[in-house]
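Novice: Structure supplied as work.txt; contents: compact mmCIF, C-alpha atoms and all ligand atoms.
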```txt
# COMPACT_ATOMS: atom_id res chain seq x y z
CA MET A 909 -20.34 76.99 272.26
CA LYS A 910 -17.22 78.18 270.43
CA ILE A 911 -13.96 78.64 272.31
CA GLY A 912 -10.86 80.23 270.80
CA ILE A 913 -7.52 79.38 272.39
CA LEU A 914 -4.05 80.85 271.95
CA THR A 915 -0.58 80.89 273.51
CA SER A 916 1.27 84.21 273.45
CA GLY A 917 4.67 85.67 274.40
CA GLY A 918 7.84 83.73 275.19
CA ASP A 919 7.16 80.02 275.45
CA CYS A 920 7.75 77.92 278.56
CA GLN A 921 7.25 74.38 279.78
CA GLY A 922 3.66 73.39 280.46
CA LEU A 923 1.92 75.25 277.63
CA ASN A 924 0.84 72.04 275.91
CA SER A 925 -0.06 70.46 279.20
CA ALA A 926 -2.28 73.49 279.94
CA LEU A 927 -3.88 73.43 276.47
CA ARG A 928 -4.62 69.75 276.94
CA ALA A 929 -6.20 70.35 280.34
CA VAL A 930 -8.46 73.14 279.07
CA VAL A 931 -9.57 71.34 275.91
CA LYS A 932 -9.97 67.84 277.36
CA SER A 933 -12.02 69.10 280.29
CA LEU A 934 -14.17 71.19 277.93
CA PHE A 935 -14.89 68.15 275.77
CA PHE A 936 -15.57 65.98 278.82
CA ARG A 937 -18.01 68.52 280.16
CA PHE A 938 -19.75 69.80 277.03
CA GLY A 939 -19.23 66.97 274.50
CA GLU A 940 -20.54 67.92 271.07
CA ASN A 941 -21.77 71.24 272.38
CA VAL A 942 -18.27 72.71 272.31
CA GLU A 943 -16.10 73.66 269.34
CA ILE A 944 -12.42 74.52 269.79
CA TYR A 945 -10.71 77.05 267.55
CA GLY A 946 -6.92 76.99 267.72
CA ILE A 947 -5.38 80.38 267.02
CA ARG A 948 -1.85 80.18 265.59
CA ASP A 949 1.19 82.09 266.85
CA GLY A 950 -0.48 84.04 269.62
CA TYR A 951 -2.23 87.33 268.93
CA ARG A 952 -0.72 87.34 265.43
CA GLY A 953 -3.10 84.54 264.47
CA LEU A 954 -6.05 86.44 265.89
CA ILE A 955 -5.03 89.58 263.99
CA TYR A 956 -4.55 87.80 260.65
CA GLY A 957 -7.31 85.23 261.07
CA ASN A 958 -4.97 82.23 261.23
CA ILE A 959 -7.56 80.21 263.10
CA GLU A 960 -8.69 76.63 262.65
CA LYS A 961 -11.16 74.25 264.18
CA MET A 962 -9.39 71.56 266.17
CA GLY A 963 -10.50 68.30 267.69
CA TRP A 964 -9.90 66.21 270.78
CA ASN A 965 -7.10 64.28 269.09
CA ASP A 966 -5.11 67.44 268.43
CA PHE A 967 -4.72 67.88 272.17
CA SER A 968 -4.07 64.26 273.05
CA GLY A 969 -0.54 62.92 273.68
CA ILE A 970 0.93 66.38 274.33
CA LEU A 971 1.19 66.36 278.13
CA THR A 972 4.97 65.98 278.19
CA LEU A 973 5.73 67.92 275.01
CA GLY A 974 7.77 71.12 275.34
CA GLY A 975 6.89 74.35 273.51
CA THR A 976 3.37 74.96 272.23
CA ILE A 977 1.54 73.11 269.48
CA LEU A 978 -0.24 76.38 268.60
CA GLY A 979 2.95 78.38 268.13
CA THR A 980 3.53 81.74 269.79
CA SER A 981 4.81 85.24 269.08
CA ARG A 982 5.52 88.47 270.88
CA GLN A 983 3.08 91.24 269.85
CA PRO A 984 3.85 94.35 271.92
CA PHE A 985 0.85 95.84 273.68
CA LYS A 986 1.84 99.37 272.69
CA THR A 987 1.32 98.52 268.99
CA MET A 988 -2.22 97.19 269.41
CA CYS A 989 -4.09 100.47 268.91
CA THR A 990 -1.95 101.96 266.11
CA PRO A 991 -3.84 102.44 262.82
CA LEU A 992 -2.05 100.55 260.05
CA GLU A 993 -1.93 101.07 256.32
CA GLU A 994 -2.02 97.32 255.64
CA PHE A 995 -5.39 97.24 257.46
CA LYS A 996 -6.68 100.39 255.71
CA GLY A 997 -6.36 102.48 258.84
CA LYS A 998 -7.70 99.83 261.20
CA THR A 999 -5.69 98.73 264.24
CA ARG A 1000 -4.54 95.29 265.32
CA LEU A 1001 -7.17 95.49 268.05
CA ASP A 1002 -9.88 96.16 265.42
CA LYS A 1003 -8.74 93.10 263.48
CA MET A 1004 -8.78 90.90 266.58
CA LEU A 1005 -12.29 92.05 267.45
CA GLU A 1006 -13.42 91.42 263.86
CA ASN A 1007 -12.05 87.87 263.92
CA CYS A 1008 -13.66 87.07 267.27
CA LYS A 1009 -16.93 88.15 265.70
CA LYS A 1010 -16.31 86.35 262.42
CA TYR A 1011 -15.65 83.04 264.20
CA LYS A 1012 -18.48 83.75 266.66
CA LEU A 1013 -16.20 83.00 269.62
CA ASP A 1014 -18.08 82.83 272.90
CA CYS A 1015 -14.84 82.92 274.88
CA LEU A 1016 -11.17 83.45 274.25
CA VAL A 1017 -8.78 81.41 276.42
CA ILE A 1018 -5.36 83.06 276.51
CA LEU A 1019 -2.16 81.56 277.92
CA GLY A 1020 0.48 84.20 278.51
CA GLY A 1021 2.71 86.36 280.66
CA ASN A 1022 2.86 90.05 281.43
CA GLY A 1023 2.59 91.65 277.99
CA THR A 1024 -0.07 89.13 276.99
CA HIS A 1025 -2.20 90.09 279.98
CA LYS A 1026 -2.28 93.76 279.03
CA THR A 1027 -3.72 92.86 275.63
CA ALA A 1028 -6.07 90.29 277.19
CA HIS A 1029 -7.41 93.04 279.43
CA LEU A 1030 -7.82 95.34 276.41
CA LEU A 1031 -9.84 92.66 274.60
CA SER A 1032 -11.95 92.16 277.70
CA GLN A 1033 -12.57 95.92 277.95
CA ASN A 1034 -13.74 95.77 274.34
CA GLY A 1035 -16.45 93.22 275.03
CA ILE A 1036 -14.66 89.91 274.44
CA ASN A 1037 -15.20 87.14 277.00
CA VAL A 1038 -11.67 86.38 278.10
CA ILE A 1039 -10.15 83.91 280.57
CA THR A 1040 -6.38 83.70 280.96
CA LEU A 1041 -3.79 81.33 282.40
CA PRO A 1042 -0.50 82.64 283.87
CA LYS A 1043 2.59 81.25 282.17
CA THR A 1044 6.23 82.31 282.36
CA ILE A 1045 9.52 80.96 283.61
CA ASP A 1046 10.00 84.34 285.34
CA ASN A 1047 7.12 83.87 287.85
CA ASP A 1048 6.64 87.65 287.68
CA LEU A 1049 2.90 87.85 287.03
CA TRP A 1050 1.04 89.88 289.59
CA GLY A 1051 -1.87 88.19 291.32
CA THR A 1052 -0.65 84.60 291.38
CA ASP A 1053 1.79 82.95 293.78
CA MET A 1054 2.99 80.74 290.95
CA THR A 1055 3.06 80.78 287.16
CA PHE A 1056 3.46 77.55 285.25
CA GLY A 1057 6.84 77.07 283.59
CA PHE A 1058 8.67 78.51 286.58
CA GLN A 1059 9.32 75.29 288.48
CA SER A 1060 10.51 73.49 285.34
CA ALA A 1061 12.96 76.32 284.62
CA VAL A 1062 14.11 76.31 288.25
CA ASP A 1063 14.87 72.58 287.89
CA ILE A 1064 16.93 73.16 284.75
CA ALA A 1065 18.89 76.12 286.12
CA THR A 1066 19.50 74.22 289.36
CA ASN A 1067 20.83 71.23 287.42
CA VAL A 1068 23.23 73.55 285.61
CA ILE A 1069 24.55 74.91 288.92
CA ASP A 1070 24.80 71.34 290.29
CA SER A 1071 26.92 70.26 287.32
CA ILE A 1072 29.11 73.34 287.54
CA HIS A 1073 29.91 72.49 291.17
CA SER A 1074 32.04 69.48 290.29
CA THR A 1075 34.15 71.16 287.63
CA ALA A 1076 34.49 74.33 289.73
CA SER A 1077 35.66 72.14 292.60
CA SER A 1078 38.24 70.22 290.51
CA HIS A 1079 39.85 73.42 289.25
CA GLY A 1080 39.27 75.64 292.25
CA ARG A 1081 37.61 78.20 290.02
CA VAL A 1082 34.97 80.84 290.38
CA PHE A 1083 31.99 80.28 288.10
CA ILE A 1084 29.18 82.59 287.12
CA VAL A 1085 25.97 80.92 285.97
CA GLU A 1086 23.77 83.45 284.19
CA VAL A 1087 20.09 82.73 284.70
CA MET A 1088 17.18 84.14 282.65
CA GLY A 1089 15.18 87.09 283.96
CA HIS A 1090 15.70 90.64 282.70
CA LYS A 1091 13.46 92.45 285.13
CA VAL A 1092 12.90 90.08 288.02
CA GLY A 1093 15.06 87.61 289.91
CA TRP A 1094 12.71 84.84 291.07
CA LEU A 1095 14.29 82.23 288.82
CA THR A 1096 17.84 83.17 289.82
CA LEU A 1097 16.91 83.29 293.49
CA TYR A 1098 15.24 79.87 293.51
CA ALA A 1099 17.87 78.17 291.34
CA GLY A 1100 20.67 79.88 293.26
CA ILE A 1101 19.40 78.71 296.63
CA SER A 1102 18.49 75.22 295.36
CA GLY A 1103 21.86 74.84 293.63
CA GLY A 1104 23.86 76.04 296.63
CA ALA A 1105 25.27 79.19 295.01
CA ASP A 1106 27.52 81.35 297.18
CA VAL A 1107 26.46 84.66 295.67
CA ILE A 1108 23.07 85.48 294.11
CA LEU A 1109 22.58 88.66 292.10
CA ILE A 1110 19.12 89.77 291.02
CA PRO A 1111 17.82 92.96 289.33
CA GLU A 1112 15.90 94.01 292.44
CA ILE A 1113 19.08 94.22 294.57
CA PRO A 1114 21.81 96.20 292.77
CA TYR A 1115 25.20 94.72 293.60
CA ASP A 1116 28.47 96.15 294.87
CA VAL A 1117 31.36 94.48 293.05
CA ASP A 1118 33.79 95.15 295.91
CA LYS A 1119 31.51 93.35 298.35
CA ILE A 1120 31.33 90.36 295.99
CA CYS A 1121 35.14 90.26 295.73
CA LYS A 1122 35.43 90.37 299.49
CA VAL A 1123 33.15 87.33 299.80
CA LEU A 1124 35.18 85.40 297.22
CA GLN A 1125 38.50 86.29 298.82
CA GLU A 1126 37.28 85.33 302.25
CA ARG A 1127 36.06 81.99 300.92
CA LYS A 1128 39.47 81.38 299.36
CA LYS A 1129 41.23 82.33 302.60
CA ASN A 1130 39.04 79.77 304.37
CA GLY A 1131 40.09 77.02 301.96
CA LYS A 1132 37.24 77.32 299.45
CA ALA A 1133 38.84 78.13 296.11
CA LEU A 1134 35.61 77.34 294.31
CA SER A 1135 32.73 79.77 294.36
CA ILE A 1136 29.53 79.89 292.35
CA LEU A 1137 27.61 83.02 291.51
CA ALA A 1138 24.03 82.77 290.22
CA VAL A 1139 23.51 85.99 288.29
CA ALA A 1140 20.25 87.12 286.69
CA GLU A 1141 20.68 88.36 283.12
CA GLY A 1142 19.11 91.63 284.31
CA ALA A 1143 21.43 92.12 287.31
CA LEU A 1144 22.88 95.61 287.64
CA SER A 1145 25.46 97.38 289.75
CA LYS A 1146 24.65 99.93 292.44
CA GLU A 1147 26.20 102.61 290.22
CA GLU A 1148 23.90 101.62 287.35
CA ALA A 1149 20.88 101.64 289.64
CA LYS A 1150 21.42 105.37 290.20
CA MET A 1151 21.30 106.14 286.46
CA SER A 1152 18.28 107.38 284.56
CA LYS A 1153 16.78 104.90 282.06
CA LYS A 1154 18.43 106.80 279.23
CA GLU A 1155 21.86 106.84 280.87
CA PHE A 1156 21.57 103.15 281.69
CA ARG A 1157 20.71 102.23 278.11
CA ALA A 1158 23.62 104.31 276.81
CA ALA A 1159 26.04 102.70 279.28
CA ARG A 1160 24.92 99.20 278.32
CA ALA A 1161 25.08 100.03 274.60
CA VAL A 1162 28.82 100.65 274.85
CA MET A 1163 29.51 97.74 277.19
CA GLN A 1164 32.21 95.59 275.56
CA GLU A 1165 31.11 92.27 277.04
CA PRO A 1166 28.18 90.28 275.58
CA SER A 1167 26.33 90.15 278.90
CA ILE A 1168 26.48 91.36 282.49
CA SER A 1169 28.07 88.08 283.64
CA TYR A 1170 31.10 88.54 281.40
CA ARG A 1171 31.54 92.10 282.59
CA LEU A 1172 31.34 90.99 286.17
CA ALA A 1173 33.80 88.16 285.48
CA ASN A 1174 36.32 90.68 284.12
CA GLU A 1175 35.81 93.00 287.07
CA ILE A 1176 36.26 90.20 289.60
CA ALA A 1177 39.31 88.78 287.79
CA GLU A 1178 40.95 92.23 287.73
CA ARG A 1179 40.34 92.85 291.41
CA THR A 1180 41.09 89.40 292.82
CA GLY A 1181 43.27 87.66 290.25
CA GLN A 1182 40.99 84.62 290.53
CA GLU A 1183 40.25 82.45 287.52
CA ILE A 1184 36.64 82.86 286.41
CA ARG A 1185 34.40 81.09 283.93
CA VAL A 1186 30.91 82.01 282.74
CA THR A 1187 28.13 79.56 281.83
CA ILE A 1188 24.90 80.73 280.19
CA PRO A 1189 22.17 78.10 279.79
CA GLY A 1190 19.93 80.68 278.04
CA HIS A 1191 16.83 79.34 276.29
CA PHE A 1192 17.69 75.84 277.46
CA GLN A 1193 15.82 77.00 280.58
CA ARG A 1194 12.59 77.30 278.59
CA GLY A 1195 12.82 74.00 276.72
CA GLY A 1196 11.79 70.40 277.19
CA SER A 1197 9.14 68.65 279.22
CA PRO A 1198 7.31 70.34 282.07
CA CYS A 1199 8.25 69.00 285.52
CA ALA A 1200 5.58 67.14 287.50
CA TYR A 1201 4.72 70.27 289.50
CA ASP A 1202 3.96 72.20 286.30
CA ARG A 1203 1.91 69.31 284.88
CA MET A 1204 -0.15 69.35 288.06
CA LEU A 1205 -0.48 73.14 288.15
CA THR A 1206 -1.53 73.39 284.49
CA THR A 1207 -4.07 70.63 285.03
CA ARG A 1208 -5.55 72.55 287.96
CA PHE A 1209 -5.54 75.83 286.03
CA GLY A 1210 -6.93 74.28 282.84
CA THR A 1211 -9.79 72.48 284.50
CA ALA A 1212 -10.62 75.62 286.51
CA VAL A 1213 -10.97 77.49 283.21
CA THR A 1214 -13.61 74.99 282.08
CA GLU A 1215 -15.46 75.49 285.35
CA MET A 1216 -15.42 79.25 284.79
CA ILE A 1217 -16.65 78.90 281.22
CA ALA A 1218 -19.51 76.75 282.52
CA ASN A 1219 -20.37 79.53 285.00
CA LYS A 1220 -19.86 82.28 282.40
CA GLU A 1221 -17.25 83.94 284.64
CA TYR A 1222 -15.24 86.07 282.23
CA GLY A 1223 -12.59 88.77 282.56
CA TYR A 1224 -10.39 86.75 284.92
CA MET A 1225 -7.01 85.07 285.15
CA VAL A 1226 -6.86 81.76 287.00
CA ALA A 1227 -4.34 82.17 289.79
CA LEU A 1228 -2.77 80.17 292.60
CA ARG A 1229 -3.16 81.82 295.98
CA ASN A 1230 -2.38 80.00 299.21
CA ASN A 1231 -2.45 76.78 297.19
CA GLN A 1232 -6.02 77.42 296.00
CA VAL A 1233 -6.89 78.07 292.35
CA VAL A 1234 -8.92 81.27 292.29
CA PRO A 1235 -10.09 83.78 289.66
CA VAL A 1236 -8.43 87.21 289.74
CA PRO A 1237 -9.95 90.11 287.73
CA LEU A 1238 -7.81 91.12 284.75
CA GLU A 1239 -7.89 94.80 285.74
CA GLU A 1240 -6.15 93.89 289.00
CA ILE A 1241 -3.16 92.35 287.26
CA ALA A 1242 -2.70 93.93 283.83
CA GLY A 1243 0.51 95.96 283.66
CA LYS A 1244 1.76 94.96 287.12
CA LEU A 1245 4.95 93.07 287.80
CA LYS A 1246 5.51 90.76 290.78
CA ILE A 1247 9.07 91.59 291.74
CA VAL A 1248 11.25 90.08 294.47
CA SER A 1249 10.99 92.14 297.62
CA PRO A 1250 14.46 92.46 299.24
CA ASP A 1251 13.02 91.41 302.61
CA CYS A 1252 10.95 88.47 301.37
CA GLU A 1253 11.19 85.12 303.13
CA GLU A 1254 13.35 83.51 300.41
CA ILE A 1255 15.97 86.27 300.62
CA ARG A 1256 15.98 86.00 304.40
CA ALA A 1257 16.53 82.25 304.04
CA ALA A 1258 19.43 82.86 301.65
CA LYS A 1259 21.02 85.36 304.01
CA ALA A 1260 20.50 83.03 306.96
CA LEU A 1261 22.68 80.50 305.13
CA GLY A 1262 25.40 83.07 304.55
CA ILE A 1263 24.63 83.45 300.82
CA SER A 1264 25.72 86.88 299.64
CA MET A 1265 23.19 88.98 297.72
CA GLY A 1266 26.07 91.15 296.47
CA ILE A 1267 25.60 94.02 298.92
O1 LIG B 1301 9.92 86.08 279.72
C1 LIG B 1301 10.61 84.91 279.66
C2 LIG B 1301 12.04 85.14 279.20
O2 LIG B 1301 12.66 83.89 279.01
C3 LIG B 1301 12.90 86.01 280.11
O3 LIG B 1301 13.38 85.35 281.23
C4 LIG B 1301 13.97 86.43 279.15
O4 LIG B 1301 14.59 87.62 279.60
C5 LIG B 1301 13.21 86.63 277.87
O5 LIG B 1301 12.05 85.83 277.97
C6 LIG B 1301 13.96 86.26 276.63
O6 LIG B 1301 13.16 86.59 275.55
P1 LIG B 1301 13.32 86.02 274.07
O7 LIG B 1301 12.87 84.60 274.08
O8 LIG B 1301 12.45 86.87 273.24
O9 LIG B 1301 14.77 86.12 273.73
```
Could you write out this file's structure as C-alpha cells?

Specialist:
Amino acid sequence: MKIGILTSGGDCQGLNSALRAVVKSLFFRFGENVEIYGIRDGYRGLIYGNIEKMGWNDFSGILTLGGTILGTSRQPFKTMCTPLEEFKGKTRLDKMLENCKKYKLDCLVILGGNGTHKTAHLLSQNGINVITLPKTIDNDLWGTDMTFGFQSAVDIATNVIDSIHSTASSHGRVFIVEVMGHKVGWLTLYAGISGGADVILIPEIPYDVDKICKVLQERKKNGKALSILAVAEGALSKEEAKMSKKEFRAARAVMQEPSISYRLANEIAERTGQEIRVTIPGHFQRGGSPCAYDRMLTTRFGTAVTEMIANKEYGYMVALRNNQVVPVPLEEIAGKLKIVSPDCEEIRAAKALGISMGI
C-alpha cells in the first residue's frame, strides 16, 4: 500500500506531531506492506512531482518540533483548474492527478486548513482516495470542534497578554495586543479571555470606537489606568461593516496605519488623551513546539487516519466532536467557515465578566 502525505497552507504547531502519528501508526499496523511518500511544500509538490519515499526514521524525533518537515505553501483553490502554458494547457489539478497515478498512491493524507480542504475535496471528487486532518491556529474549520495548532497559539497569545499586564500596570497605559485571525476571532476571543483583557474585538462583532473609549474612561475613573485590548487583525468598525467589499478594500488601501490596531490606537488617543501602545506578536503565534493538548489531539487524529485507511474509508476529514474523533465527509466542510457566533457560550462568559466586545 502506498500513502502520499502532505502539509498545506499556513503552518501551525502540531504538524510534525500529526505526521509522526499518521506514519508511525501506519508502520506499526502494516509493517513492510506500507510505503510512505512525502510530498514537499504542500500541493506544489504534488503538482510538480516533488515526491520522495520516506522511512520510519524520517518521522521519528519530531514530536516537539515546530513547523513541518515536509514544507508547505499556499496554492489558491481558484487557480487549480486554470489551463497553464507551462503544462501545455493542462491544469494544476491535471498534474496532481497524473502524479497520484504515477506514484500509484492508494491514499493521499492531507493536513490543512480551509483553502486546503477545498482542493482536497476536488481531488476526492476526481477519484483520489483522500483523508484529511484539520490544522490551523484560527480554529475556523467547519465540522470540527477543534483544529490542532489552535491551543498552542492560544497559549502564546495569552502569554503575550500576561506579560503586557505588568508593563501596562507600571505605566498606567492602555495596550492593544493584535492577535492573528483575519476572518474569524476564535484565537483573539480565547487569548483575550484567558489573558484577562478588558476589551476584545473580533471580526464577527464590528466595534464602536466611542463605546470602547467609554469603557476605558470609566475604568480610569474607577482607578484603573491600565487597560488591555485584545484585537483580532481582522477586526473592523461598525461603519466598515456597512460597506460593500469593494468600498471596504478601497478604504483599507488608503488607511495610513500599518494595521487596524494602530488606527484604533490613534482614534482612542485622540478621543481620550490616554497613552496607548500596540504589540503585535504576529507569526510568533504560529511558531515553536505544540502544547501538550495539540500533541494529544494530533496523536488521536493521526491514529484515527490509520484506522480509516485500514477500513478503506476515504473522502473524510477526521474531526473532534463532543470529544470524540469522528470522520466528517469532505463535501460537508469544503468551503465553509466556522465563525464565532455573537451569542456563543464563550462570548456570554466574556460579557458575564464585564469584558467589553466593543459594542
Ligand atoms: O490561517 C492562519 C493565519 O496565521 C491567520 O491567522 C493569518 O491571518 C494568516 O494565516 C497569515 O498568513 P501568512 O502566513 O500567509 O502571512

Novice: Name the residues in contact with region 1056-1071 of chain A at a cut-off of 7 Å, using all atoms listed in the file, excluding same-chain residues fewer than 6 positions from it; report them as a compact mmCIF listing (two decimals) with C-alpha atoms, keeping the file's coordinate frame.

Specialist:
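Contents of part.txt, freshly written:
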```txt
# COMPACT_ATOMS: atom_id res chain seq x y z
CA CYS A 920 7.75 77.92 278.56
CA GLN A 921 7.25 74.38 279.78
CA GLY A 922 3.66 73.39 280.46
CA PRO A 1042 -0.50 82.64 283.87
CA LYS A 1043 2.59 81.25 282.17
CA THR A 1044 6.23 82.31 282.36
CA ILE A 1045 9.52 80.96 283.61
CA ASP A 1046 10.00 84.34 285.34
CA ASN A 1047 7.12 83.87 287.85
CA VAL A 1085 25.97 80.92 285.97
CA VAL A 1087 20.09 82.73 284.70
CA LEU A 1095 14.29 82.23 288.82
CA TYR A 1098 15.24 79.87 293.51
CA ALA A 1099 17.87 78.17 291.34
CA GLY A 1100 20.67 79.88 293.26
CA SER A 1102 18.49 75.22 295.36
CA GLY A 1103 21.86 74.84 293.63
CA GLN A 1193 15.82 77.00 280.58
CA ARG A 1194 12.59 77.30 278.59
CA PRO A 1198 7.31 70.34 282.07
CA CYS A 1199 8.25 69.00 285.52
CA TYR A 1201 4.72 70.27 289.50
CA ASP A 1202 3.96 72.20 286.30
CA LEU A 1205 -0.48 73.14 288.15
CA THR A 1206 -1.53 73.39 284.49
```

Novice: For ligand LIG 1301 (chain B), which residue among A:Lys1122, A:Lys986, A:Ile1136, A:Pro1189 is the nearest when counting all atoms listed in the file?

Specialist: A:Pro1189

Novice: Can you tell me, as a ChimeraX atom specification, what residues are no more than 6 Å from region 1174-1185 of chain A when counting all atoms listed in the file, ignoring any on the same chain fewer than 2 positions away?

Specialist: /A:1081-1083,1171-1172

Novice: Which one of A:Ile1018, A:Ala1028, A:Cys1008, A:Ala1143 sits closest to ligand LIG 1301 (chain B) if you count all atoms listed in the file?

Specialist: A:Ala1143

Novice: Quick check, in Å to one decimal: how far apart do CA of Pro1250 (chain A) and CA of Ala1076 (chain A) lie?

Specialist: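 CA of Ala1076 (chain A) lies 28.6 Å from CA of Pro1250 (chain A).
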
Novice: Can you tell me which residues surround Thr1052 (chain A) at a distance of at most 12 Å, considering only C-alpha atoms, apart from same-chain residues fewer than 5 positions away, and format the answer as a count of residues only?

Specialist: 31

Novice: Counting all atoms listed in the file, figure out which residue out of A:Ile1036, A:Ile1072, A:Leu1109, A:Ile959 gets nearest to Val1186 (chain A).

Specialist: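 Of A:Ile1036, A:Ile1072, A:Leu1109, A:Ile959, the one nearest Val1186 (chain A) is A:Ile1072, counting all atoms listed in the file.
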
Novice: With only C-alpha atoms as the basis for distance, which of A:Asp1053, A:Glu943, A:Asp919, A:Glu1126 is at the shortest distance from Val1248 (chain A)?

Specialist: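 Nearest candidate to Val1248 (chain A) out of A:Asp1053, A:Glu943, A:Asp919, A:Glu1126: A:Asp1053.
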
Novice: With all atoms listed in the file counted, which protein, DNA or RNA residues have an atom no more than 9 Å from (-10.1, 70.4, 276.1) in the file frame? Please answer as a VMD selection string.

Specialist: chain A and resid 927 to 936 944 963 to 964 967 1210 to 1211 1214

Novice: Using all atoms listed in the file, which residue out of A:Gly1266, A:Gly1089, A:Gly1051, A:Gly912 lies closest to ligand LIG 1301 (chain B)?

Specialist: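 Answer, going by the shortest atom-to-atom distance: A:Gly1089.
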
Novice: Would you please work out which residue, of A:Leu1031, A:Val1213, A:Val1092, A:Met1054, is nearest to Glu1141 (chain A) when using all atoms listed in the file?

Specialist: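 Looking only at the distances to Glu1141 (chain A), the closest residue turns out to be A:Val1092.
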
Novice: Contacts of Ala1242 (chain A) at 7 Å or less, counting only C-alpha atoms, minus same-chain residues fewer than 4 places along, as a count of residues only?

Specialist: 4
